[in-house]
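Right, one structure below, let's go through it.
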Amino acid sequence: IFYHIVQAPPDPIFGIANAYKADTSNTKIDLGVGAYRTDEEKPYVFEIIKKLEKEIVNDPTLNKEYLPIEGLADFNKGCQKLMFGQNSPLIASGQIVTAQCLGGTGALRVGFEFVKRHIPGDVYVSKPTWSNHNQVIERAGLNQFEYPYYEPKTKGFNCAGTIECLSQARMGSIVLLHVCAHNPTGVDPTEAEWLQIADVCKRRRLVPFFDCAYQGFASGCIEKDVYAVRKFAELGFQMIVAQSFSKNMGLYNERVGAVHIVTSNKDISARVLSNLKIVIRTICSNPPAIGARVAAKILTDEKYFNAWVEELKTVTGRIIKMRTLLKQELDNLKVPGNWDHITKQTGFFTFTGLTPEQCDLLTKQYHVYLLRSGRMSMAGITSKNVRYLAESIKAVVQN
Ligand code: LMR
């Protein structure tokens, strides 16, 4: 029965994580998967998460009954406020439909399944984008096209190219937009550029589908990082937003996320929710509780919220420091090329500009693991390995 099945390639991101684990070199560096590491190269569990998780697990009033299909109500309310603002009129008017999902990918999957069934259209994704976007959209059975997001010459955002491309998009198409800390490039539109994107979306009646996986990692301010979503909401867009807490709460394997669908009124919201529930029911029936209970406590209690924001600042601060350190080391070693983009780009990743061959060499000869696109997860850099990393980059650049 299964004879005809051919070997599939490893996932471009998780495959690298596995190769790193299998490497026995003691100089190896993991710059593959976007997961935070401490300066000791260790995974990090937020202190506030540990504390609240313990409380939840020991709470005798809680049980293991199924959650509603759309998830935990407090969590969903908290997610709406974090994304759209405490006083968002859209929340008050019941225009936002929210469902808890299995992390950011779960939210994307549910969102695109909903799109396929109820508002099918072409999907425009940034070139480049996170590799899983392409797979999720394809599996949902939707056609996808690319808009030229990244300009290799400037290592920045190609605003004119994006607008030009979207101006030709078929009316009613869906546009997948990274809210902040674009993955893989670390390049975000400015506020003025977001307005231009909003303008073309209005003109072509495009439906924005925002992916928000890195709130807090771009500007360091969680409010500022969701500027695009709030601005589009203010401009009256109906849209979809996928929200993840994998990175900003470090809840990677708990799969904590949400999908929001903004409609034009409360009655439509009720109808949308009833259909969204069918999508979720057929994918995972209903979501798991513990991670969402922890996140809900943080999102609905001011003192926990403030503790989380402080801790998040420490995490994002270390990544910013590593950007500066790597740039300094490369400059000190006089590595050919301009490395200013390392400190200009934001979030988890730097799009180094290294070629796939240079990346292969970095991995094979120097045990430095990164994506072949040249994407480097800055969270894998530490004050101890940064010098070796810079020397390795120098060696491959001069090869
Ligand atoms: C990444 O891009 O490395 C992360 O978002 C992890 C993942 O799921 O790919």
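Naming works like this for the structure tokens: A, B, ... for the chains as they're shown, residue 1 at the start of each chain, ligands 1 onward in shown order.
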Test item: residues lying within 9 Å of ligand 1 with only C-alpha atoms and all ligand atoms, as a PDB file with C-alpha atoms, in the first residue's frame:
ATOM      1  CA  ASP A  11      11.759  20.484   7.125  1.00  0.00           C
ATOM      2  CA  PRO A  12      14.106  23.358   6.202  1.00  0.00           C
ATOM      3  CA  ILE A  13      14.104  24.631   9.806  1.00  0.00           C
ATOM      4  CA  PHE A  14      13.559  21.580  12.029  1.00  0.00           C
ATOM      5  CA  GLY A  32      18.779  27.610  12.891  1.00  0.00           C
ATOM      6  CA  VAL A  33      15.436  27.464  14.610  1.00  0.00           C
ATOM      7  CA  GLY A  34      14.001  30.701  16.023  1.00  0.00           C
ATOM      8  CA  ALA A  35      13.954  29.693  19.669  1.00  0.00           C
ATOM      9  CA  GLY A 104       0.960  30.459  15.297  1.00  0.00           C
ATOM     10  CA  THR A 105       0.936  27.618  12.785  1.00  0.00           C
ATOM     11  CA  TRP A 130       8.777  31.773   6.480  1.00  0.00           C
ATOM     12  CA  SER A 131       8.939  28.395   4.733  1.00  0.00           C
ATOM     13  CA  ASN A 132       5.958  27.016   6.615  1.00  0.00           C
ATOM     14  CA  ASN A 183      10.802  36.212   9.261  1.00  0.00           C
ATOM     15  CA  PRO A 184      13.324  35.565   7.689  1.00  0.00           C
ATOM     16  CA  ALA A 213       4.649  35.709  15.864  1.00  0.00           C
ATOM     17  CA  SER A 246       5.609  30.680  21.264  1.00  0.00           C
ATOM     18  CA  LYS A 247       8.363  33.294  21.320  1.00  0.00           C
ATOM     19  CA  TYR A 252       6.937  26.875  22.171  1.00  0.00           C
ATOM     20  CA  PHE A 348      14.951  37.189  16.049  1.00  0.00           C
ATOM     21  CA  PHE A 349      16.668  36.985  12.686  1.00  0.00           C
ATOM     22  CA  SER A 377      18.702  33.171  14.523  1.00  0.00           C
TER      23      SER A 377
END
- Would you mind writing down, as a PyMOL selection string, each residue of range 160-348 of chain A that DSSP on the backbone assigns to strand (DSSP E)? chain A and resi 174-178+207-212+239-244+256-262
Selection export as a PDB file, in the first residue's frame, atoms kept: C-alpha atoms:
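Writing the result to result_20.pdb gives the following:
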ATOM      1  CA  ILE A 174      -5.564  37.700   0.401  1.00  0.00           C
ATOM      2  CA  VAL A 175      -2.255  39.354   1.392  1.00  0.00           C
ATOM      3  CA  LEU A 176      -0.175  37.679   4.064  1.00  0.00           C
ATOM      4  CA  LEU A 177       1.698  40.374   6.015  1.00  0.00           C
ATOM      5  CA  HIS A 178       4.182  39.932   8.874  1.00  0.00           C
ATOM      6  CA  VAL A 207      -7.934  41.078   2.503  1.00  0.00           C
ATOM      7  CA  PRO A 208      -5.030  41.516   4.941  1.00  0.00           C
ATOM      8  CA  PHE A 209      -4.009  38.330   6.743  1.00  0.00           C
ATOM      9  CA  PHE A 210      -1.528  39.349   9.429  1.00  0.00           C
ATOM     10  CA  ASP A 211       0.889  36.913  11.029  1.00  0.00           C
ATOM     11  CA  CYS A 212       2.062  38.106  14.438  1.00  0.00           C
ATOM     12  CA  MET A 239      -9.039  41.130   8.187  1.00  0.00           C
ATOM     13  CA  ILE A 240      -7.564  38.009   9.707  1.00  0.00           C
ATOM     14  CA  VAL A 241      -4.789  37.905  12.311  1.00  0.00           C
ATOM     15  CA  ALA A 242      -2.765  34.905  13.485  1.00  0.00           C
ATOM     16  CA  GLN A 243      -1.205  35.445  16.914  1.00  0.00           C
ATOM     17  CA  SER A 244       1.469  33.317  18.588  1.00  0.00           C
ATOM     18  CA  VAL A 256      -0.513  28.673  22.414  1.00  0.00           C
ATOM     19  CA  GLY A 257      -1.959  31.007  19.798  1.00  0.00           C
ATOM     20  CA  ALA A 258      -5.128  32.534  18.452  1.00  0.00           C
ATOM     21  CA  VAL A 259      -6.821  33.505  15.227  1.00  0.00           C
ATOM     22  CA  HIS A 260      -8.865  36.695  14.980  1.00  0.00           C
ATOM     23  CA  ILE A 261     -11.298  37.523  12.210  1.00  0.00           C
ATOM     24  CA  VAL A 262     -12.441  41.132  12.097  1.00  0.00           C
TER      25      VAL A 262
END
- Residue contacts of range 90-99 of chain A (8 Å, only C-alpha atoms) excluding same-chain residues fewer than 4 positions away, as a list of chain:residue names: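 Those residues are A:Glu70, A:Gly71, A:Asn76, A:Lys77, A:Gln80, A:Lys81, A:Phe84, A:Ala233, A:Ala258, A:Val259, A:His260, A:Ile261, A:Val262, A:Thr263, A:Ser264, A:Asn265, A:Lys266, A:Ser269, A:Ala270, A:Val272, A:Leu273.
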- Note on the structure: Correct to one decimal, the distance CA of Glu41 in chain A-CA of Arg375 in chain A is 18.5 Å
- Query: Which residues, written as an MDAnalysis selection string, have at least one atom at most 12 Å from Ile163 in chain A, with only C-alpha atoms counted and residues fewer than 5 positions away on the same chain left out?
  - Reply: chainID A and resid 124 126 146:149 157:158 168:169 175 189 193:204
Store the residues of this selection in a file with N, CA and C atoms, as a CSV table (one decimal), in the first residue's frame.
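Below is the file selection_8.csv, written as the result:
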chain,number,residue,atom,x,y,z
A,124,TYR,N,-1.2,36.3,-1.6
A,124,TYR,CA,0.1,36.9,-1.9
A,124,TYR,C,0.9,36.8,-0.6
A,126,SER,N,5.0,37.4,1.0
A,126,SER,CA,6.3,38.1,0.8
A,126,SER,C,7.3,37.2,0.2
A,146,GLU,N,4.0,35.7,-5.1
A,146,GLU,CA,4.9,36.4,-4.2
A,146,GLU,C,4.9,37.9,-4.6
A,147,TYR,N,5.0,38.7,-3.5
A,147,TYR,CA,5.3,40.1,-3.8
A,147,TYR,C,6.8,40.4,-3.4
A,148,PRO,N,7.5,41.2,-4.1
A,148,PRO,CA,8.9,41.3,-3.9
A,148,PRO,C,9.3,42.2,-2.7
A,149,TYR,N,9.3,41.5,-1.6
A,149,TYR,CA,9.4,42.2,-0.3
A,149,TYR,C,10.8,42.7,0.0
A,157,PHE,N,13.5,46.9,2.8
A,157,PHE,CA,12.2,46.6,2.3
A,157,PHE,C,12.0,47.2,0.9
A,158,ASN,N,11.5,46.4,0.0
A,158,ASN,CA,11.2,46.9,-1.3
A,158,ASN,C,9.8,47.4,-1.4
A,168,GLN,N,-1.4,45.0,-9.0
A,168,GLN,CA,-1.9,44.1,-10.1
A,168,GLN,C,-2.7,42.9,-9.5
A,169,ALA,N,-2.7,42.8,-8.2
A,169,ALA,CA,-3.4,41.6,-7.7
A,169,ALA,C,-4.9,41.6,-8.0
A,175,VAL,N,-3.7,39.0,1.3
A,175,VAL,CA,-2.3,39.4,1.4
A,175,VAL,C,-1.7,39.0,2.8
A,189,PRO,N,8.4,47.2,7.3
A,189,PRO,CA,8.0,48.5,6.7
A,189,PRO,C,8.0,49.6,7.8
A,193,GLU,N,5.3,53.5,5.3
A,193,GLU,CA,5.1,52.4,4.3
A,193,GLU,C,3.9,51.6,4.6
A,194,TRP,N,3.6,51.3,5.8
A,194,TRP,CA,2.4,50.6,6.1
A,194,TRP,C,1.2,51.3,5.6
A,195,LEU,N,1.2,52.6,5.6
A,195,LEU,CA,0.0,53.4,5.1
A,195,LEU,C,-0.1,53.1,3.6
A,196,GLN,N,1.0,53.1,2.9
A,196,GLN,CA,1.0,52.8,1.5
A,196,GLN,C,0.4,51.4,1.2
A,197,ILE,N,0.8,50.4,2.1
A,197,ILE,CA,0.3,49.1,1.9
A,197,ILE,C,-1.2,49.1,2.1
A,198,ALA,N,-1.6,49.8,3.2
A,198,ALA,CA,-3.1,49.9,3.4
A,198,ALA,C,-3.8,50.5,2.2
A,199,ASP,N,-3.2,51.5,1.6
A,199,ASP,CA,-3.8,52.2,0.5
A,199,ASP,C,-4.0,51.2,-0.7
A,200,VAL,N,-3.0,50.4,-1.0
A,200,VAL,CA,-3.2,49.5,-2.1
A,200,VAL,C,-4.2,48.4,-1.8
A,201,CYS,N,-4.2,48.0,-0.5
A,201,CYS,CA,-5.2,47.0,-0.1
A,201,CYS,C,-6.6,47.5,-0.2
A,202,LYS,N,-6.8,48.8,0.1
A,202,LYS,CA,-8.1,49.4,-0.1
A,202,LYS,C,-8.5,49.4,-1.5
A,203,ARG,N,-7.5,49.9,-2.4
A,203,ARG,CA,-7.8,50.1,-3.8
A,203,ARG,C,-8.2,48.8,-4.5
A,204,ARG,N,-7.4,47.7,-4.1
A,204,ARG,CA,-7.7,46.4,-4.8
A,204,ARG,C,-8.6,45.5,-4.0
- Just list the residues in range 64-223 of chain A DSSP gives helix (DSSP H, G or I) on the backbone, as a ChimeraX atom specification. /A:73-84,89-92,103-118,131-139,159-167,191-203,222-223
- Would you mind listing what lies within 10 Å of Pro68 in chain A as a PyMOL selection string, with only C-alpha atoms counted and same-chain residues fewer than 4 positions away left out? chain A and resi 72-73+99-100+277+281+285-287
- Which of A:Leu299, A:Val368, A:Ile283, A:Val309 sits closest to Ala19 in chain A [using only C-alpha atoms]: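 Smallest separation from Ala19 in chain A among the options: A:Val368.
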- Task: Find the residues around Lys297 in chain A up to 8 Å (only C-alpha atoms counted), leave out those fewer than 4 positions away in its own chain, and share them as a VMD selection string.
- Result: chain A and resid 52 75 293 301 304
Please, could you write that set of residues out with N, CA and C atoms as a PDB file, in the first residue's frame?
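Result saved to part-v7.pdb:
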ATOM      1  N   LEU A  52       3.170  30.595  37.376  1.00  0.00           N
ATOM      2  CA  LEU A  52       1.729  30.461  37.099  1.00  0.00           C
ATOM      3  C   LEU A  52       1.355  29.031  36.720  1.00  0.00           C
ATOM      4  N   PHE A  75      -8.722  33.654  27.804  1.00  0.00           N
ATOM      5  CA  PHE A  75      -7.544  33.726  26.938  1.00  0.00           C
ATOM      6  C   PHE A  75      -7.884  34.519  25.670  1.00  0.00           C
ATOM      7  N   ARG A 293      -4.233  28.686  29.833  1.00  0.00           N
ATOM      8  CA  ARG A 293      -4.585  29.180  31.180  1.00  0.00           C
ATOM      9  C   ARG A 293      -3.467  30.063  31.715  1.00  0.00           C
ATOM     10  N   ASP A 301      -4.277  39.931  34.203  1.00  0.00           N
ATOM     11  CA  ASP A 301      -3.931  40.427  35.540  1.00  0.00           C
ATOM     12  C   ASP A 301      -2.729  41.377  35.412  1.00  0.00           C
ATOM     13  N   TYR A 304       0.790  40.382  36.810  1.00  0.00           N
ATOM     14  CA  TYR A 304       1.456  39.329  36.030  1.00  0.00           C
ATOM     15  C   TYR A 304       1.892  39.868  34.662  1.00  0.00           C
TER      16      TYR A 304
END
- Task: Determine, counting only C-alpha atoms, which protein, DNA and RNA residues have an atom within 12 Å of an atom of Leu389 in chain A; residues of the same chain fewer than 5 positions away are not included. Present the result as a count of residues only.
- Result: 31
Cut-off 10 Å: closest range 252-344 of chain A/range 215-229 of chain A atom pairs per residue, using only C-alpha atoms, as CSV:
residue,atom,partner,partner_atom,distance
A:Val309,CA,A:Ile222,CA,8.1
A:Leu312,CA,A:Gly216,CA,7.4
A:Lys313,CA,A:Gly220,CA,6.5
A:Thr314,CA,A:Gly220,CA,9.7
A:Val315,CA,A:Phe217,CA,8.7
A:Thr316,CA,A:Phe217,CA,5.7
A:Gly317,CA,A:Gly220,CA,7.8
A:Ile319,CA,A:Phe217,CA,8.8
A:Ile320,CA,A:Phe217,CA,9.2
